[in-house]
$ cat start_0.pdb   # PDB, C-alpha atoms
ATOM      1  CA  GLU Q   1      -6.546  28.080   5.170
ATOM      2  CA  SER Q   2      -5.994  24.815   6.989
ATOM      3  CA  SER Q   3      -9.116  22.963   5.927
ATOM      4  CA  ALA Q   4     -10.039  19.724   4.221
ATOM      5  CA  ARG Q   5     -12.760  17.123   4.214
ATOM      6  CA  GLY Q   6     -12.756  13.383   4.054
ATOM      7  CA  MET Q   7     -14.972  10.331   4.414
ATOM      8  CA  TYR Q   8     -14.011   6.795   5.427
ATOM      9  CA  ARG Q   9     -16.388   3.843   5.233
ATOM     10  CA  ALA Q  10     -15.446   0.253   5.969
ATOM     11  CA  LEU Q  11     -16.735  -3.195   6.799
ATOM     12  CA  THR Q  12     -14.494  -5.521   8.805
ATOM     13  CA  LEU Q  13     -14.998  -9.271   9.172
ATOM     14  CA  GLN Q  14     -13.148 -11.241  11.831
ATOM     15  CA  GLY Q  15     -12.809 -14.932  12.589
ATOM     16  CA  GLN Q  16     -11.009 -16.768  15.412
ATOM     17  CA  TYR Q  17     -10.272 -20.359  16.341
ATOM     18  CA  ARG Q  18      -8.623 -21.243  19.663
ATOM     19  CA  ARG Q  19      -7.693 -24.683  20.921
ATOM     20  CA  GLU Q  20      -4.828 -26.041  22.996
ATOM     21  CA  LYS Q  21      -2.609 -26.849  20.008
ATOM     22  CA  LEU Q  22      -3.852 -24.350  17.410
ATOM     23  CA  GLN Q  23      -4.760 -20.677  17.572
ATOM     24  CA  PHE Q  24      -5.888 -18.963  14.411
ATOM     25  CA  SER Q  25      -7.384 -15.586  13.518
ATOM     26  CA  ALA Q  26      -8.206 -13.746  10.298
ATOM     27  CA  PHE Q  27      -9.351 -10.213   9.499
ATOM     28  CA  TYR Q  28     -10.704  -8.778   6.263
ATOM     29  CA  THR Q  29     -11.603  -5.132   5.647
ATOM     30  CA  ILE Q  30     -13.265  -3.656   2.590
ATOM     31  CA  ALA Q  31     -13.161   0.119   2.670
ATOM     32  CA  GLU Q  32     -13.418   3.421   0.840
ATOM     33  CA  ASN Q  33     -11.461   6.512   1.834
ATOM     34  CA  PHE Q  34     -12.163   9.858   0.125
ATOM     35  CA  SER Q  35     -10.703  13.309   0.723
ATOM     36  CA  ASP Q  36      -9.794  16.562  -0.983
ATOM     37  CA  ALA Q  37      -6.401  16.746   0.779
ATOM     38  CA  ASP Q  38      -4.290  14.429   2.911
ATOM     39  CA  SER Q  39      -1.823  16.910   4.352
ATOM     40  CA  GLU Q  40      -1.812  20.649   4.845
ATOM     41  CA  ARG Q  41       1.144  20.932   2.510
ATOM     42  CA  ASP Q  42       3.602  18.290   1.423
ATOM     43  CA  ALA Q  43       7.254  18.728   0.511
ATOM     44  CA  GLY Q  44       6.403  19.417  -3.127
ATOM     45  CA  GLY Q  45       4.051  22.315  -2.400
ATOM     46  CA  PHE Q  46       0.285  22.613  -2.690
ATOM     47  CA  GLU Q  47      -1.485  19.783  -4.457
ATOM     48  CA  TYR Q  48      -4.639  21.466  -5.734
ATOM     49  CA  VAL Q  49      -5.021  22.739  -9.279
ATOM     50  CA  ASN Q  50      -7.329  25.637  -8.417
ATOM     51  CA  SER Q  51      -7.476  27.049  -4.898
ATOM     52  CA  PHE Q  52     -10.917  28.552  -5.669
ATOM     53  CA  ASN Q  53     -12.447  25.221  -6.640
ATOM     54  CA  LEU Q  54     -11.540  22.393  -4.284
ATOM     55  CA  LYS Q  55     -14.446  20.266  -5.534
ATOM     56  CA  ASP Q  56     -12.173  19.022  -8.307
ATOM     57  CA  GLU Q  57      -9.777  17.718  -5.628
ATOM     58  CA  TYR Q  58     -12.282  15.425  -3.951
ATOM     59  CA  GLY Q  59     -11.519  11.814  -4.743
ATOM     60  CA  PHE Q  60      -9.669   8.817  -3.391
ATOM     61  CA  SER Q  61      -7.433   9.556  -0.415
ATOM     62  CA  ASN Q  62      -3.737   8.731  -0.424
ATOM     63  CA  GLN Q  63      -4.602   6.127   2.234
ATOM     64  CA  ASP Q  64      -7.421   4.463   0.303
ATOM     65  CA  ILE Q  65      -6.812   0.722   0.605
ATOM     66  CA  ARG Q  66      -9.840  -1.024  -0.845
ATOM     67  CA  HIS Q  67      -9.049  -4.517   0.445
ATOM     68  CA  GLN Q  68      -6.974  -5.590   3.444
ATOM     69  CA  PHE Q  69      -6.500  -9.134   4.686
ATOM     70  CA  THR Q  70      -4.467 -10.362   7.643
ATOM     71  CA  THR Q  71      -4.257 -13.824   9.114
ATOM     72  CA  ASN Q  72      -2.014 -15.378  11.744
ATOM     73  CA  ALA Q  73      -1.695 -18.777  13.378
ATOM     74  CA  VAL Q  74       0.269 -20.559  16.096
ATOM     75  CA  TYR Q  75       0.547 -24.347  16.109
ATOM     76  CA  ARG Q  76       2.167 -26.269  18.977
ATOM     77  CA  LEU Q  77       3.994 -29.394  17.831
ATOM     78  CA  PRO Q  78       5.388 -32.284  19.903
ATOM     79  CA  LEU Q  79       8.855 -32.108  21.517
ATOM     80  CA  GLY Q  80       8.524 -28.428  22.386
ATOM     81  CA  PHE Q  81       8.343 -27.129  18.809
ATOM     82  CA  GLU Q  82       6.040 -24.287  17.847
ATOM     83  CA  LEU Q  83       5.222 -23.045  14.349
ATOM     84  CA  SER Q  84       3.700 -19.604  13.776
ATOM     85  CA  GLY Q  85       3.128 -17.262  10.876
ATOM     86  CA  ILE Q  86       1.387 -14.139   9.666
ATOM     87  CA  LEU Q  87       0.161 -13.157   6.232
ATOM     88  CA  ARG Q  88      -0.650  -9.563   5.290
ATOM     89  CA  ALA Q  89      -2.066  -8.484   1.950
ATOM     90  CA  ASN Q  90      -3.652  -5.311   0.675
ATOM     91  CA  SER Q  91      -4.697  -3.845  -2.644
ATOM     92  CA  GLY Q  92      -2.691  -1.023  -4.170
ATOM     93  CA  LEU Q  93      -2.765   2.599  -3.042
ATOM     94  CA  PRO Q  94      -3.930   5.304  -5.446
ATOM     95  CA  PHE Q  95      -1.553   7.858  -6.902
ATOM     96  CA  THR Q  96      -1.774  11.079  -8.883
ATOM     97  CA  PRO Q  97      -0.127  11.264 -12.313
ATOM     98  CA  ARG Q  98       2.121  14.281 -12.942
ATOM     99  CA  THR Q  99       3.253  16.246 -15.969
ATOM    100  CA  GLY Q 100       6.882  16.152 -14.847
ATOM    101  CA  SER Q 101       7.327  19.926 -15.121
ATOM    102  CA  ASP Q 102       5.957  23.206 -13.769
ATOM    103  CA  THR Q 103       3.323  23.566 -16.483
ATOM    104  CA  ASN Q 104       1.224  26.207 -14.700
ATOM    105  CA  ALA Q 105       4.262  28.304 -13.614
ATOM    106  CA  ASP Q 106       3.336  28.382  -9.925
ATOM    107  CA  GLY Q 107       6.843  27.409  -8.788
ATOM    108  CA  ASN Q 108       5.894  23.807  -7.896
ATOM    109  CA  ASN Q 109       6.845  20.854 -10.052
ATOM    110  CA  ASN Q 110       3.784  18.788  -9.116
ATOM    111  CA  ASP Q 111       1.250  19.689 -11.788
ATOM    112  CA  ARG Q 112      -1.379  17.317 -13.130
ATOM    113  CA  PRO Q 113      -1.927  16.837 -16.867
ATOM    114  CA  PHE Q 114      -5.099  18.016 -18.577
ATOM    115  CA  LEU Q 115      -7.138  15.504 -20.569
ATOM    116  CA  THR Q 116      -9.314  18.190 -22.188
ATOM    117  CA  PRO Q 117      -9.064  21.992 -21.971
ATOM    118  CA  GLY Q 118      -9.821  23.016 -18.389
ATOM    119  CA  VAL Q 119     -10.279  19.432 -17.150
ATOM    120  CA  PRO Q 120      -7.261  18.000 -15.301
ATOM    121  CA  VAL Q 121      -6.631  14.350 -14.543
ATOM    122  CA  GLY Q 122      -8.340  13.496 -11.286
ATOM    123  CA  ARG Q 123      -6.388  13.472  -8.041
ATOM    124  CA  ASN Q 124      -5.334   9.899  -7.134
ATOM    125  CA  SER Q 125      -7.043   8.639 -10.291
ATOM    126  CA  PHE Q 126      -4.560   5.794 -10.893
ATOM    127  CA  ARG Q 127      -3.930   2.743  -8.736
ATOM    128  CA  ASN Q 128      -0.601   1.263  -7.673
ATOM    129  CA  ARG Q 129       0.242  -2.416  -7.273
ATOM    130  CA  ALA Q 130      -0.831  -4.688  -4.411
ATOM    131  CA  PHE Q 131       1.345  -5.786  -1.482
ATOM    132  CA  THR Q 132       1.646  -9.292   0.002
ATOM    133  CA  ARG Q 133       3.979 -10.590   2.689
ATOM    134  CA  THR Q 134       4.181 -13.844   4.658
ATOM    135  CA  ASP Q 135       6.442 -14.262   7.711
ATOM    136  CA  MET Q 136       7.062 -17.496   9.628
ATOM    137  CA  ARG Q 137       8.783 -18.521  12.834
ATOM    138  CA  VAL Q 138       9.884 -21.950  14.080
ATOM    139  CA  LEU Q 139      10.523 -22.079  17.819
ATOM    140  CA  LYS Q 140      11.970 -24.810  20.028
ATOM    141  CA  SER Q 141      11.574 -24.687  23.811
ATOM    142  CA  PHE Q 142      13.762 -26.415  26.403
ATOM    143  CA  ASN Q 143      12.276 -26.631  29.879
ATOM    144  CA  PHE Q 144      14.875 -26.966  32.661
ATOM    145  CA  LYS Q 145      12.749 -26.149  35.675
ATOM    146  CA  GLU Q 146       9.211 -25.031  36.294
ATOM    147  CA  SER Q 147      10.429 -21.415  36.271
ATOM    148  CA  MET Q 148      13.258 -21.776  33.725
ATOM    149  CA  ARG Q 149      12.917 -22.230  29.983
ATOM    150  CA  LEU Q 150      15.255 -21.652  27.037
ATOM    151  CA  GLN Q 151      13.945 -20.950  23.548
ATOM    152  CA  PHE Q 152      15.634 -20.985  20.158
ATOM    153  CA  SER Q 153      13.871 -19.596  17.119
ATOM    154  CA  ALA Q 154      14.383 -19.253  13.379
ATOM    155  CA  GLU Q 155      12.457 -16.493  11.623
ATOM    156  CA  PHE Q 156      11.698 -16.141   7.917
ATOM    157  CA  PHE Q 157      10.609 -12.777   6.544
ATOM    158  CA  ASN Q 158       8.801 -12.574   3.198
ATOM    159  CA  LEU Q 159       8.843 -16.361   3.119
ATOM    160  CA  PHE Q 160       7.751 -16.687  -0.528
ATOM    161  CA  ASN Q 161      10.136 -13.958  -1.733
ATOM    162  CA  VAL Q 162       7.386 -11.784  -3.217
ATOM    163  CA  ASP Q 163       8.974  -8.843  -5.046
ATOM    164  CA  ASN Q 164       6.376  -6.237  -3.948
ATOM    165  CA  VAL Q 165       7.565  -3.721  -6.533
ATOM    166  CA  VAL Q 166       5.354  -0.627  -6.819
ATOM    167  CA  PHE Q 167       5.348   2.221  -9.317
ATOM    168  CA  GLY Q 168       7.463   5.150  -8.206
ATOM    169  CA  GLY Q 169       9.688   8.010  -9.326
ATOM    170  CA  ASN Q 170       9.609   8.898 -13.015
ATOM    171  CA  ASN Q 171       7.253   5.998 -13.737
ATOM    172  CA  MET Q 172       4.466   8.070 -12.164
ATOM    173  CA  ILE Q 173       4.960  10.898 -14.689
ATOM    174  CA  TYR Q 174       2.136  10.869 -17.228
ATOM    175  CA  GLY Q 175       3.307  13.710 -19.444
ATOM    176  CA  ALA Q 176       1.773  17.008 -20.513
ATOM    177  CA  GLY Q 177      -1.624  15.567 -21.404
ATOM    178  CA  LEU Q 178      -2.444  18.394 -23.808
ATOM    179  CA  GLN Q 179      -0.128  20.292 -26.094
ATOM    180  CA  ALA Q 180      -0.291  24.075 -26.423
ATOM    181  CA  ASN Q 181      -2.541  23.725 -29.502
ATOM    182  CA  GLY Q 182      -5.045  21.586 -27.559
ATOM    183  CA  VAL Q 183      -4.052  18.307 -29.197
ATOM    184  CA  MET Q 184      -3.438  15.307 -26.947
ATOM    185  CA  ALA Q 185       0.247  14.807 -26.196
ATOM    186  CA  PRO Q 186       1.685  11.268 -26.195
ATOM    187  CA  VAL Q 187       1.767   9.566 -22.796
ATOM    188  CA  ASN Q 188       5.235   9.194 -21.296
ATOM    189  CA  ALA Q 189       6.623   5.822 -22.384
ATOM    190  CA  ASN Q 190       7.787   5.105 -18.818
ATOM    191  CA  PHE Q 191       4.398   5.807 -17.220
ATOM    192  CA  MET Q 192       3.437   2.772 -15.097
ATOM    193  CA  LEU Q 193       6.254   0.801 -16.700
ATOM    194  CA  LEU Q 194       6.935  -2.254 -14.556
ATOM    195  CA  ARG Q 195       9.670  -4.001 -16.544
ATOM    196  CA  THR Q 196      12.040  -2.818 -19.225
ATOM    197  CA  ALA Q 197      12.592  -4.540 -22.562
ATOM    198  CA  ASP Q 198      15.266  -6.808 -21.060
ATOM    199  CA  GLY Q 199      12.732  -8.200 -18.553
ATOM    200  CA  ASN Q 200      14.243  -6.492 -15.506
ATOM    201  CA  TYR Q 201      12.312  -4.219 -13.181
ATOM    202  CA  SER Q 202      12.518  -0.559 -14.085
ATOM    203  CA  THR Q 203      14.945   1.152 -11.684
ATOM    204  CA  ASN Q 204      12.528   4.091 -11.396
ATOM    205  CA  ASN Q 205      10.207   1.919  -9.332
ATOM    206  CA  SER Q 206      10.615   1.032  -5.672
ATOM    207  CA  GLN Q 207      10.247  -2.032  -3.445
ATOM    208  CA  VAL Q 208       8.137  -2.034  -0.294
ATOM    209  CA  GLY Q 209       8.762  -4.391   2.603
ATOM    210  CA  ASN Q 210      11.698  -6.735   3.098
TER
END

$ encode --input "start_0.pdb" --output "structure tokens"
Amino acid sequence: ESSARGMYRALTLQGQYRREKLQFSAFYTIAENFSDADSERDAGGFEYVNSFNLKDEYGFSNQDIRHQFTTNAVYRLPLGFELSGILRANSGLPFTPRTGSDTNADGNNNDRPFLTPGVPVGRNSFRNRAFTRTDMRVLKSFNFKESMRLQFSAEFFNLFNVDNVVFGGNNMIYGAGLQANGVMAPVNANFMLLRTADGNYSTNNSQVGN
């Protein structure tokens, strides 16, 4: 059936400063987002381990961002110059570890490992990496008439060249969890691997933003 439940709780703080030369605002949100499903069915098939017990699915939502911060400012300089920027930062999203194979033979390759017999790893029980981005614009205005103005601008995206690499692909595969005899299986060596032995980012991961 098409059913699910969720709960979102948040506190948002906001500050503003406005004067002729400087305008500034900042927003911070601390939040919790829980659910037992985030889509009716995704491309990989059903997510739940046991369709008769959805209580085990209740946990962090795919959209659970614990901390979010955004600030922007515009500063008017002499000679028609204007400097503006925006900074956005948020903590990492949760993700669900996978076995990497169809361990329960239901036709979907999205199974979760078991830590003990009958107890699977919790849905969205691991946390991905944070995201930060700063953009800036420098603008120069030329006033020809009261109703005519020409503007030139230079824009810088991801000004501080933050890599913003997050875990993805095979680096989200945990492994079987338990072997057939009930003994713990070794965790996949690539699980949550950020960099390889040569110091480069693992190509299994992905980059978000510019």

$ closest_residue --input "start_0.pdb" --among "Q:Arg5, Q:Arg112, Q:Arg88, Q:Arg149" --to "Q:Thr134" --atoms "all atoms listed in the file"
Q:Arg88

$ residues_around --input "start_0.pdb" --residues "Q:Glu82" --least-positions-apart "2" --cutoff "8 Å" --atoms "all atoms listed in the file" --output "short mmCIF file (atom, residue, chain, number, x, y, z; two decimals) with C-alpha atoms, keeping the file's coordinate frame"
data_model
loop_
_atom_site.label_atom_id
_atom_site.label_comp_id
_atom_site.auth_asym_id
_atom_site.auth_seq_id
_atom_site.Cartn_x
_atom_site.Cartn_y
_atom_site.Cartn_z
CA VAL Q 74 0.27 -20.56 16.10
CA TYR Q 75 0.55 -24.35 16.11
CA ARG Q 76 2.17 -26.27 18.98
CA LEU Q 77 3.99 -29.39 17.83
CA GLY Q 80 8.52 -28.43 22.39
CA SER Q 84 3.70 -19.60 13.78
CA VAL Q 138 9.88 -21.95 14.08
CA LEU Q 139 10.52 -22.08 17.82
CA LYS Q 140 11.97 -24.81 20.03
#

$ resolve_selection --input "start_0.pdb" --expression "the PyMOL selection byres ((chain Q and resi 63-72) around 10)" --output "PyMOL selection string"
chain Q and resi 8+10+12-16+23-35+38+59-62+73-74+84-95+124+127+130-136

$ resolve_selection --input "start_0.pdb" --expression "the PyMOL selection byres ((chain Q and resi 108) around 10)" --output "ChimeraX atom specification"
/Q:43-47,101-107,109-111

$ resolve_selection --input "start_0.pdb" --expression "the PyMOL selection byres ((chain Q and resi 169) around 8)" --output "ChimeraX atom specification"
/Q:167-168,170-173,204-206

$ write_last_selection --input "start_0.pdb" --atoms "C-alpha atoms" --output "PDB file, in the coordinates of the input"
ATOM      1  CA  PHE Q 167       5.348   2.221  -9.317  1.00  0.00           C
ATOM      2  CA  GLY Q 168       7.463   5.150  -8.206  1.00  0.00           C
ATOM      3  CA  ASN Q 170       9.609   8.898 -13.015  1.00  0.00           C
ATOM      4  CA  ASN Q 171       7.253   5.998 -13.737  1.00  0.00           C
ATOM      5  CA  MET Q 172       4.466   8.070 -12.164  1.00  0.00           C
ATOM      6  CA  ILE Q 173       4.960  10.898 -14.689  1.00  0.00           C
ATOM      7  CA  ASN Q 204      12.528   4.091 -11.396  1.00  0.00           C
ATOM      8  CA  ASN Q 205      10.207   1.919  -9.332  1.00  0.00           C
ATOM      9  CA  SER Q 206      10.615   1.032  -5.672  1.00  0.00           C
TER      10      SER Q 206
END

$ atom_distance --input "start_0.pdb" --atom1 "atom CA of Q:Gly122" --atom2 "atom CA of Q:Asp36"
10.8 Å

$ atom_distance --input "start_0.pdb" --atom1 "atom CA of Q:Thr196" --atom2 "atom CA of Q:Pro120"
28.7 Å

$ atom_distance --input "start_0.pdb" --atom1 "atom CA of Q:Ala176" --atom2 "atom CA of Q:Asn200"
27.1 Å

$ residues_around --input "start_0.pdb" --residues "Q:Thr116" --least-positions-apart "6" --cutoff "10 Å" --atoms "all atoms listed in the file" --output "compact mmCIF listing (two decimals) with C-alpha atoms, in the coordinates of the input"
# COMPACT_ATOMS: atom_id res chain seq x y z
CA GLY Q 177 -1.62 15.57 -21.40
CA LEU Q 178 -2.44 18.39 -23.81
CA GLY Q 182 -5.04 21.59 -27.56
CA VAL Q 183 -4.05 18.31 -29.20
CA MET Q 184 -3.44 15.31 -26.95

$ decode --input "start_0.pdb" --residues "stretch 117-132 of chain Q" --atoms "N, CA and C atoms" --output "mmCIF file, in the first residue's frame"
data_model
loop_
_atom_site.group_PDB
_atom_site.id
_atom_site.type_symbol
_atom_site.label_atom_id
_atom_site.label_comp_id
_atom_site.auth_asym_id
_atom_site.auth_seq_id
_atom_site.Cartn_x
_atom_site.Cartn_y
_atom_site.Cartn_z
ATOM 1 N N PRO Q 117 22.022 -12.047 14.009
ATOM 2 C CA PRO Q 117 20.928 -12.782 13.367
ATOM 3 C C PRO Q 117 19.576 -12.111 13.584
ATOM 4 N N GLY Q 118 18.908 -11.773 12.492
ATOM 5 C CA GLY Q 118 17.589 -11.158 12.550
ATOM 6 C C GLY Q 118 17.583 -9.668 12.785
ATOM 7 N N VAL Q 119 18.749 -9.048 12.956
ATOM 8 C CA VAL Q 119 18.817 -7.606 13.229
ATOM 9 C C VAL Q 119 19.631 -6.937 12.131
ATOM 10 N N PRO Q 120 18.962 -6.264 11.183
ATOM 11 C CA PRO Q 120 19.694 -5.610 10.093
ATOM 12 C C PRO Q 120 20.265 -4.262 10.526
ATOM 13 N N VAL Q 121 21.221 -3.790 9.770
ATOM 14 C CA VAL Q 121 21.723 -2.423 9.969
ATOM 15 C C VAL Q 121 20.566 -1.454 9.774
ATOM 16 N N GLY Q 122 20.485 -0.451 10.583
ATOM 17 C CA GLY Q 122 19.391 0.497 10.510
ATOM 18 C C GLY Q 122 19.370 1.284 9.210
ATOM 19 N N ARG Q 123 18.179 1.609 8.754
ATOM 20 C CA ARG Q 123 18.025 2.437 7.559
ATOM 21 C C ARG Q 123 18.623 3.819 7.821
ATOM 22 N N ASN Q 124 19.430 4.308 6.869
ATOM 23 C CA ASN Q 124 20.078 5.623 6.978
ATOM 24 C C ASN Q 124 20.854 5.758 8.292
ATOM 25 N N SER Q 125 21.565 4.704 8.654
ATOM 26 C CA SER Q 125 22.286 4.686 9.931
ATOM 27 C C SER Q 125 23.699 5.242 9.834
ATOM 28 N N PHE Q 126 24.158 5.590 8.625
ATOM 29 C CA PHE Q 126 25.468 6.208 8.455
ATOM 30 C C PHE Q 126 25.283 7.615 7.895
ATOM 31 N N ARG Q 127 26.298 8.445 8.080
ATOM 32 C CA ARG Q 127 26.188 9.852 7.703
ATOM 33 C C ARG Q 127 27.251 10.207 6.670
ATOM 34 N N ASN Q 128 26.827 10.916 5.624
ATOM 35 C CA ASN Q 128 27.745 11.344 4.580
ATOM 36 C C ASN Q 128 28.465 12.617 5.000
ATOM 37 N N ARG Q 129 29.273 13.153 4.095
ATOM 38 C CA ARG Q 129 30.117 14.301 4.398
ATOM 39 C C ARG Q 129 29.365 15.617 4.193
ATOM 40 N N ALA Q 130 29.840 16.660 4.835
ATOM 41 C CA ALA Q 130 29.193 17.975 4.785
ATOM 42 C C ALA Q 130 29.456 18.662 3.442
ATOM 43 N N PHE Q 131 28.706 19.731 3.202
ATOM 44 C CA PHE Q 131 28.799 20.499 1.958
ATOM 45 C C PHE Q 131 28.950 21.972 2.299
ATOM 46 N N THR Q 132 29.913 22.639 1.640
ATOM 47 C CA THR Q 132 30.121 24.080 1.840
ATOM 48 C C THR Q 132 30.423 24.726 0.498
#
